[in-house]
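Below is coords.cif, which holds mmCIF, C-alpha atoms.
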data_start
loop_
_atom_site.group_PDB
_atom_site.id
_atom_site.type_symbol
_atom_site.label_atom_id
_atom_site.label_comp_id
_atom_site.auth_asym_id
_atom_site.auth_seq_id
_atom_site.Cartn_x
_atom_site.Cartn_y
_atom_site.Cartn_z
ATOM 1 C CA MET A 1 16.117 10.332 -14.339
ATOM 2 C CA SER A 2 15.195 8.792 -10.986
ATOM 3 C CA HIS A 3 11.825 7.054 -10.516
ATOM 4 C CA TYR A 4 10.086 6.097 -7.288
ATOM 5 C CA PHE A 5 10.268 2.440 -8.371
ATOM 6 C CA ASP A 6 14.080 2.512 -8.758
ATOM 7 C CA ASN A 7 15.967 0.322 -6.283
ATOM 8 C CA GLU A 8 18.411 3.095 -5.360
ATOM 9 C CA PRO A 9 17.182 6.634 -6.188
ATOM 10 C CA THR A 10 19.973 8.860 -7.483
ATOM 11 C CA VAL A 11 18.275 12.192 -6.782
ATOM 12 C CA ALA A 12 19.624 14.044 -3.734
ATOM 13 C CA SER A 13 17.710 13.430 -0.502
ATOM 14 C CA GLU A 14 15.400 16.193 0.735
ATOM 15 C CA ARG A 15 13.158 15.021 3.551
ATOM 16 C CA ARG A 16 9.872 16.774 4.314
ATOM 17 C CA SER A 17 7.225 16.150 6.960
ATOM 18 C CA VAL A 18 3.647 15.440 5.930
ATOM 19 C CA SER A 19 0.554 15.476 8.138
ATOM 20 C CA VAL A 20 -2.107 12.818 7.759
ATOM 21 C CA VAL A 21 -5.547 13.799 9.032
ATOM 22 C CA ILE A 22 -8.234 11.201 8.404
ATOM 23 C CA PRO A 23 -11.387 10.135 10.247
ATOM 24 C CA GLY A 24 -10.343 8.700 13.607
ATOM 25 C CA ASP A 25 -6.609 9.305 13.270
ATOM 26 C CA ALA A 26 -3.885 11.882 12.666
ATOM 27 C CA PHE A 27 -0.120 11.532 12.497
ATOM 28 C CA VAL A 28 2.989 13.039 10.881
ATOM 29 C CA TYR A 29 5.494 11.133 8.753
ATOM 30 C CA LEU A 30 8.614 11.919 6.717
ATOM 31 C CA THR A 31 8.793 11.802 2.921
ATOM 32 C CA ASP A 32 11.821 12.149 0.656
ATOM 33 C CA THR A 33 12.785 12.811 -2.945
ATOM 34 C CA GLY A 34 13.026 9.676 -5.054
ATOM 35 C CA VAL A 35 10.096 8.172 -3.125
ATOM 36 C CA PHE A 36 6.459 8.190 -4.249
ATOM 37 C CA SER A 37 4.497 11.354 -3.360
ATOM 38 C CA HIS A 38 7.308 13.474 -1.926
ATOM 39 C CA GLY A 39 6.097 16.290 0.301
ATOM 40 C CA ARG A 40 2.405 15.391 0.295
ATOM 41 C CA LEU A 41 -0.085 12.648 1.009
ATOM 42 C CA ASP A 42 -1.163 11.271 -2.371
ATOM 43 C CA PRO A 43 -4.905 11.959 -2.861
ATOM 44 C CA GLY A 44 -5.590 8.325 -3.754
ATOM 45 C CA THR A 45 -3.854 7.162 -0.589
ATOM 46 C CA LYS A 46 -5.924 9.596 1.463
ATOM 47 C CA ILE A 47 -9.136 8.192 -0.028
ATOM 48 C CA LEU A 48 -8.019 4.650 0.796
ATOM 49 C CA LEU A 49 -7.150 5.605 4.381
ATOM 50 C CA SER A 50 -10.421 7.505 4.817
ATOM 51 C CA ASP A 51 -12.853 5.131 3.117
ATOM 52 C CA ALA A 52 -11.543 1.558 3.346
ATOM 53 C CA PRO A 53 -13.324 -0.840 5.702
ATOM 54 C CA PRO A 54 -11.448 -1.630 8.926
ATOM 55 C CA PRO A 55 -8.423 -3.905 8.491
ATOM 56 C CA SER A 56 -8.127 -7.213 10.305
ATOM 57 C CA PRO A 57 -7.318 -6.532 13.981
ATOM 58 C CA THR A 58 -4.858 -9.453 14.096
ATOM 59 C CA GLY A 59 -2.698 -11.552 11.785
ATOM 60 C CA ASN A 60 -0.477 -10.294 8.975
ATOM 61 C CA LEU A 61 -1.343 -7.128 7.081
ATOM 62 C CA LEU A 62 0.392 -5.938 3.908
ATOM 63 C CA ASP A 63 1.069 -2.630 2.157
ATOM 64 C CA VAL A 64 2.302 -3.310 -1.401
ATOM 65 C CA GLY A 65 4.444 -0.509 -2.859
ATOM 66 C CA CYS A 66 4.618 1.215 0.508
ATOM 67 C CA GLY A 67 6.655 4.309 -0.418
ATOM 68 C CA ALA A 68 7.300 6.340 2.740
ATOM 69 C CA GLY A 69 4.705 4.250 4.542
ATOM 70 C CA PRO A 70 1.495 6.205 5.220
ATOM 71 C CA ILE A 71 -0.668 3.133 4.522
ATOM 72 C CA ALA A 72 1.520 0.775 6.554
ATOM 73 C CA LEU A 73 1.706 3.259 9.435
ATOM 74 C CA SER A 74 -2.060 3.695 9.435
ATOM 75 C CA LEU A 75 -2.595 -0.076 9.389
ATOM 76 C CA ALA A 76 -0.191 -0.482 12.318
ATOM 77 C CA ARG A 77 -1.956 2.222 14.330
ATOM 78 C CA ARG A 78 -5.419 0.786 13.649
ATOM 79 C CA SER A 79 -4.419 -2.826 14.316
ATOM 80 C CA PRO A 80 -1.766 -2.789 17.062
ATOM 81 C CA ASP A 81 -2.152 -6.543 17.628
ATOM 82 C CA ALA A 82 -1.423 -7.336 13.971
ATOM 83 C CA HIS A 83 1.934 -7.361 12.173
ATOM 84 C CA VAL A 84 2.258 -5.049 9.190
ATOM 85 C CA TRP A 85 4.559 -5.807 6.269
ATOM 86 C CA ALA A 86 5.559 -2.758 4.200
ATOM 87 C CA VAL A 87 6.970 -3.926 0.861
ATOM 88 C CA ASP A 88 8.836 -1.887 -1.764
ATOM 89 C CA VAL A 89 11.802 -2.229 -4.125
ATOM 90 C CA ASN A 90 13.014 1.290 -3.256
ATOM 91 C CA GLU A 91 15.623 1.179 -0.471
ATOM 92 C CA ARG A 92 15.164 4.861 0.380
ATOM 93 C CA ALA A 93 11.443 4.227 0.853
ATOM 94 C CA LEU A 94 12.094 1.270 3.150
ATOM 95 C CA ASP A 95 14.503 3.328 5.256
ATOM 96 C CA LEU A 96 11.826 6.007 5.591
ATOM 97 C CA VAL A 97 9.213 3.505 6.733
ATOM 98 C CA ARG A 98 11.580 2.279 9.450
ATOM 99 C CA VAL A 99 12.312 5.838 10.608
ATOM 100 C CA ASN A 100 8.618 6.745 10.552
ATOM 101 C CA ALA A 101 7.570 3.622 12.454
ATOM 102 C CA ARG A 102 10.178 4.299 15.148
ATOM 103 C CA SER A 103 9.153 7.929 15.509
ATOM 104 C CA LEU A 104 5.523 6.870 15.971
ATOM 105 C CA GLY A 105 6.431 4.127 18.449
ATOM 106 C CA LEU A 106 5.182 1.353 16.171
ATOM 107 C CA GLY A 107 6.941 -1.922 16.860
ATOM 108 C CA ASN A 108 4.630 -3.977 14.656
ATOM 109 C CA VAL A 109 5.957 -2.863 11.240
ATOM 110 C CA THR A 110 8.507 -4.680 9.081
ATOM 111 C CA ALA A 111 9.720 -2.795 5.991
ATOM 112 C CA CYS A 112 11.466 -4.997 3.441
ATOM 113 C CA ARG A 113 11.978 -5.929 -0.171
ATOM 114 C CA PRO A 114 9.445 -8.365 -1.674
ATOM 115 C CA GLU A 115 11.861 -11.294 -1.657
ATOM 116 C CA ASP A 116 12.483 -10.855 2.081
ATOM 117 C CA VAL A 117 8.880 -11.600 3.074
ATOM 118 C CA PRO A 118 8.726 -15.193 4.408
ATOM 119 C CA ALA A 119 7.351 -17.430 1.679
ATOM 120 C CA ASP A 120 4.803 -19.129 3.938
ATOM 121 C CA LEU A 121 3.063 -15.948 5.129
ATOM 122 C CA VAL A 122 -0.543 -15.311 4.167
ATOM 123 C CA PHE A 123 -2.228 -11.968 4.652
ATOM 124 C CA ASP A 124 -5.530 -11.149 6.298
ATOM 125 C CA THR A 125 -5.630 -7.624 4.869
ATOM 126 C CA ILE A 126 -3.814 -6.068 1.929
ATOM 127 C CA TRP A 127 -4.051 -2.327 1.320
ATOM 128 C CA SER A 128 -2.301 -0.771 -1.663
ATOM 129 C CA ASN A 129 -2.034 2.273 -3.847
ATOM 130 C CA PRO A 130 -0.352 0.081 -6.474
ATOM 131 C CA PRO A 131 2.530 1.346 -8.650
ATOM 132 C CA ILE A 132 0.517 1.836 -11.859
ATOM 133 C CA LYS A 133 3.392 3.538 -13.672
ATOM 134 C CA VAL A 134 5.591 0.431 -13.676
ATOM 135 C CA GLY A 135 3.518 -0.710 -16.683
ATOM 136 C CA LYS A 136 0.593 -3.085 -17.090
ATOM 137 C CA ASP A 137 2.558 -6.347 -17.314
ATOM 138 C CA GLU A 138 4.650 -5.593 -14.223
ATOM 139 C CA LEU A 139 1.605 -4.361 -12.313
ATOM 140 C CA HIS A 140 -0.322 -7.529 -13.135
ATOM 141 C CA SER A 141 2.637 -9.640 -12.005
ATOM 142 C CA ILE A 142 2.852 -7.742 -8.695
ATOM 143 C CA LEU A 143 -0.874 -8.114 -8.018
ATOM 144 C CA GLU A 144 -0.956 -11.799 -8.938
ATOM 145 C CA THR A 145 1.956 -12.456 -6.592
ATOM 146 C CA TRP A 146 0.490 -10.724 -3.543
ATOM 147 C CA LEU A 147 -3.227 -11.377 -4.041
ATOM 148 C CA GLY A 148 -2.285 -15.028 -4.322
ATOM 149 C CA ARG A 149 -1.159 -14.817 -0.691
ATOM 150 C CA LEU A 150 -4.484 -13.593 0.679
ATOM 151 C CA ALA A 151 -5.904 -15.720 3.461
ATOM 152 C CA ALA A 152 -9.081 -17.612 2.564
ATOM 153 C CA THR A 153 -11.224 -15.041 4.371
ATOM 154 C CA GLY A 154 -8.912 -12.082 3.707
ATOM 155 C CA SER A 155 -9.487 -9.099 1.458
ATOM 156 C CA ALA A 156 -7.462 -6.502 -0.388
ATOM 157 C CA VAL A 157 -8.359 -2.860 -0.945
ATOM 158 C CA LEU A 158 -6.755 -1.144 -3.936
ATOM 159 C CA VAL A 159 -7.076 2.518 -4.859
ATOM 160 C CA VAL A 160 -6.587 3.275 -8.549
ATOM 161 C CA ASN A 161 -7.106 6.442 -10.574
ATOM 162 C CA LYS A 162 -9.932 6.050 -13.065
ATOM 163 C CA HIS A 163 -7.831 7.724 -15.770
ATOM 164 C CA LEU A 164 -4.976 5.272 -15.134
ATOM 165 C CA GLY A 165 -7.095 2.213 -15.791
ATOM 166 C CA SER A 166 -9.017 1.333 -12.628
ATOM 167 C CA ASP A 167 -11.986 -0.091 -14.536
ATOM 168 C CA SER A 168 -9.878 -2.209 -16.902
ATOM 169 C CA LEU A 169 -7.875 -3.446 -13.898
ATOM 170 C CA ALA A 170 -11.109 -4.507 -12.182
ATOM 171 C CA THR A 171 -12.166 -6.346 -15.347
ATOM 172 C CA TRP A 172 -8.793 -8.122 -15.510
ATOM 173 C CA LEU A 173 -9.025 -9.179 -11.852
ATOM 174 C CA VAL A 174 -12.494 -10.648 -12.390
ATOM 175 C CA ALA A 175 -11.223 -12.523 -15.455
ATOM 176 C CA LYS A 176 -8.458 -13.955 -13.246
ATOM 177 C CA GLY A 177 -11.101 -15.386 -10.904
ATOM 178 C CA TRP A 178 -11.196 -12.753 -8.162
ATOM 179 C CA SER A 179 -14.293 -11.268 -6.597
ATOM 180 C CA VAL A 180 -14.085 -7.491 -7.135
ATOM 181 C CA ARG A 181 -16.417 -4.925 -5.595
ATOM 182 C CA ARG A 182 -16.195 -1.174 -6.075
ATOM 183 C CA ILE A 183 -16.630 0.234 -2.565
ATOM 184 C CA GLY A 184 -15.929 3.868 -3.340
ATOM 185 C CA SER A 185 -15.460 6.367 -6.135
ATOM 186 C CA ARG A 186 -14.512 10.009 -5.717
ATOM 187 C CA ARG A 187 -12.108 12.609 -7.004
ATOM 188 C CA GLY A 188 -11.336 10.384 -9.997
ATOM 189 C CA TYR A 189 -10.290 7.388 -7.877
ATOM 190 C CA ARG A 190 -11.888 3.976 -7.551
ATOM 191 C CA LEU A 191 -11.635 1.979 -4.356
ATOM 192 C CA LEU A 192 -11.714 -1.743 -5.197
ATOM 193 C CA GLU A 193 -12.189 -4.536 -2.673
ATOM 194 C CA VAL A 194 -10.711 -7.811 -3.919
ATOM 195 C CA ALA A 195 -11.343 -11.230 -2.346
ATOM 196 C CA ARG A 196 -11.287 -14.889 -3.234
ATOM 197 C CA THR A 197 -14.463 -16.143 -4.876
ATOM 198 C CA ARG A 198 -16.375 -18.193 -2.357
#
Is it possible to give me this structure as structure tokens?
Amino acid sequence: MSHYFDNEPTVASERRSVSVVIPGDAFVYLTDTGVFSHGRLDPGTKILLSDAPPPSPTGNLLDVGCGAGPIALSLARRSPDAHVWAVDVNERALDLVRVNARSLGLGNVTACRPEDVPADLVFDTIWSNPPIKVGKDELHSILETWLGRLAATGSAVLVVNKHLGSDSLATWLVAKGWSVRRIGSRRGYRLLEVARTR
């Protein structure tokens, strides 16, 4: 069985267009089988795109677990003077992000595997609908890796389904020394803003 967090999905490709309509923006992007949320905009992602505070207008921005790229594409459209890094382990997803960025005329997006992000980069904004289904230990490892690369004044916004452990994740982040603020809650999703403790 193929999962969206596989490196090379084995399921046959079947691309579909999806429309994103959120406050202040609208665009169309391609999805595919073997990639998270095929054929639709995930409801958690839509809440993040609709309700998150504005990203940094400059610097390096990051979408962790980018899938087909709706978060990365939205970041790139909102912050054209910033550079957006779209990170995933799924090669089909990364190919889609590149195709979608080209079709939208976005030259400020780099889609790559985690190990291909330059080691010295820090991020002013991180937005993520994190891959909860990889398991708690792997999820914690992913978040520790990328949150550790937040700029001193940067912030991350995570959207997590309440029934998939958003509240326990917030508790874990606080225990790890992060400042965590719930900035939204609707349709069973929590929107968490994470920053360094001052």
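We find atom CA of Val117 of chain A and atom CA of Gly67 of chain A to be spaced 16.4 Å apart.
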Using the chain letters and numbers from the file, give me the residues hit by the PyMOL selection byres ((chain A and resi 177) around 12), as number ranges by chain. A: 144, 147-148, 170-176, 178-180, 194-198
For C-alpha atoms, I'd like the residues from the last selection saved as a short mmCIF file (atom, residue, chain, number, x, y, z; two decimals), in the coordinates of the input.
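See out02.cif below for the written result:
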data_model
loop_
_atom_site.label_atom_id
_atom_site.label_comp_id
_atom_site.auth_asym_id
_atom_site.auth_seq_id
_atom_site.Cartn_x
_atom_site.Cartn_y
_atom_site.Cartn_z
CA GLU A 144 -0.96 -11.80 -8.94
CA LEU A 147 -3.23 -11.38 -4.04
CA GLY A 148 -2.28 -15.03 -4.32
CA ALA A 170 -11.11 -4.51 -12.18
CA THR A 171 -12.17 -6.35 -15.35
CA TRP A 172 -8.79 -8.12 -15.51
CA LEU A 173 -9.02 -9.18 -11.85
CA VAL A 174 -12.49 -10.65 -12.39
CA ALA A 175 -11.22 -12.52 -15.46
CA LYS A 176 -8.46 -13.96 -13.25
CA TRP A 178 -11.20 -12.75 -8.16
CA SER A 179 -14.29 -11.27 -6.60
CA VAL A 180 -14.08 -7.49 -7.14
CA VAL A 194 -10.71 -7.81 -3.92
CA ALA A 195 -11.34 -11.23 -2.35
CA ARG A 196 -11.29 -14.89 -3.23
CA THR A 197 -14.46 -16.14 -4.88
CA ARG A 198 -16.38 -18.19 -2.36
#
Kindly assemble as CSV a list of the segment 81-101 of chain A residues that lie within 9 Å of segment 47-59 of chain A, each paired with its nearest atom pair and their distance in Å to one decimal, using only C-alpha atoms, sorted first by chain and then by ascending residue number.
residue,atom,partner,partner_atom,distance
A:Asp81,CA,A:Thr58,CA,5.3
A:Ala82,CA,A:Thr58,CA,4.0
A:His83,CA,A:Gly59,CA,6.3
A:Val84,CA,A:Gly59,CA,8.6
Picked residues, the PyMOL selection byres ((chain A and resi 97-99) around 9), expected as a list of chain:residue names: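 So the PyMOL selection byres ((chain A and resi 97-99) around 9) ends up selecting A:Tyr29, A:Leu30, A:Cys66, A:Gly67, A:Ala68, A:Gly69, A:Pro70, A:Ala72, A:Leu73, A:Ala86, A:Arg92, A:Ala93, A:Leu94, A:Asp95, A:Leu96, A:Asn100, A:Ala101, A:Arg102, A:Ser103, A:Leu104, A:Val109, A:Thr110, A:Ala111.
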At most 12 Å from (-3.7, -14.0, 0.9), file frame, only C-alpha atoms: which residues, as JSON, numbers by chain? {"A": [59, 60, 61, 62, 119, 120, 121, 122, 123, 124, 125, 126, 127, 143, 144, 145, 146, 147, 148, 149, 150, 151, 152, 153, 154, 155, 156, 178, 194, 195, 196]}
Of the listed residues A:Ile183, A:Pro9, A:Tyr189, A:Ser19, that which approaches Ser166 of chain A most closely, counting all atoms listed in the file: A:Tyr189
Put a box with edges along x, y and z around all the listed atoms of segment 150-166 of chain A, pad it by 5 Å on each side, then give me its centre and sizes in Å, one decimal, as AutoDock Vina command-line options.
--center_x -7.9 --center_y -4.9 --center_z -5.7 --size_x 16.7 --size_y 35.3 --size_z 30.2
With distances taken over all atoms listed in the file, which of A:Asp32, A:Glu115, A:Asp63, A:Glu91 is nearest to Pro130 of chain A? A:Asp63
Choose the residue, out of A:Arg186, A:Val159, A:Leu169, A:Pro118, that has the smallest atom-to-atom separation from Lys136 of chain A; count all atoms listed in the file.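 Checking each candidate against Lys136 of chain A, we get A:Leu169 as the closest.
Atom CA of Asp42 of chain A sits 15.9 Å away from atom CA of Arg15 of chain A.
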Got a minute to add N, CA and C atoms to segment 131-148 of chain A and dump it as a CSV table (one decimal), in the coordinates of the input?
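For reference, out-v9.csv as written:
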chain,number,residue,atom,x,y,z
A,131,PRO,N,1.7,0.5,-7.8
A,131,PRO,CA,2.5,1.3,-8.6
A,131,PRO,C,2.1,1.2,-10.1
A,132,ILE,N,1.1,1.9,-10.5
A,132,ILE,CA,0.5,1.8,-11.9
A,132,ILE,C,1.6,2.1,-12.9
A,133,LYS,N,2.5,3.1,-12.6
A,133,LYS,CA,3.4,3.5,-13.7
A,133,LYS,C,4.5,2.6,-14.0
A,134,VAL,N,4.6,1.4,-13.3
A,134,VAL,CA,5.6,0.4,-13.7
A,134,VAL,C,5.2,-0.2,-15.0
A,135,GLY,N,4.0,-0.1,-15.4
A,135,GLY,CA,3.5,-0.7,-16.7
A,135,GLY,C,2.6,-1.9,-16.4
A,136,LYS,N,1.7,-2.1,-17.3
A,136,LYS,CA,0.6,-3.1,-17.1
A,136,LYS,C,1.1,-4.5,-16.8
A,137,ASP,N,2.1,-5.0,-17.5
A,137,ASP,CA,2.6,-6.3,-17.3
A,137,ASP,C,3.2,-6.5,-15.9
A,138,GLU,N,4.0,-5.5,-15.5
A,138,GLU,CA,4.6,-5.6,-14.2
A,138,GLU,C,3.6,-5.4,-13.1
A,139,LEU,N,2.7,-4.5,-13.3
A,139,LEU,CA,1.6,-4.4,-12.3
A,139,LEU,C,0.8,-5.7,-12.1
A,140,HIS,N,0.4,-6.3,-13.2
A,140,HIS,CA,-0.3,-7.5,-13.1
A,140,HIS,C,0.5,-8.6,-12.4
A,141,SER,N,1.8,-8.7,-12.7
A,141,SER,CA,2.6,-9.6,-12.0
A,141,SER,C,2.7,-9.4,-10.5
A,142,ILE,N,2.8,-8.1,-10.1
A,142,ILE,CA,2.9,-7.7,-8.7
A,142,ILE,C,1.5,-8.2,-8.0
A,143,LEU,N,0.4,-7.8,-8.6
A,143,LEU,CA,-0.9,-8.1,-8.0
A,143,LEU,C,-1.1,-9.6,-7.9
A,144,GLU,N,-0.8,-10.3,-9.0
A,144,GLU,CA,-1.0,-11.8,-8.9
A,144,GLU,C,-0.1,-12.4,-7.8
A,145,THR,N,1.1,-11.9,-7.6
A,145,THR,CA,2.0,-12.5,-6.6
A,145,THR,C,1.3,-12.3,-5.2
A,146,TRP,N,0.9,-11.0,-4.9
A,146,TRP,CA,0.5,-10.7,-3.5
A,146,TRP,C,-1.0,-11.1,-3.3
A,147,LEU,N,-1.8,-10.9,-4.3
A,147,LEU,CA,-3.2,-11.4,-4.0
A,147,LEU,C,-3.3,-12.9,-3.9
A,148,GLY,N,-2.4,-13.6,-4.5
A,148,GLY,CA,-2.3,-15.0,-4.3
A,148,GLY,C,-1.9,-15.5,-2.9
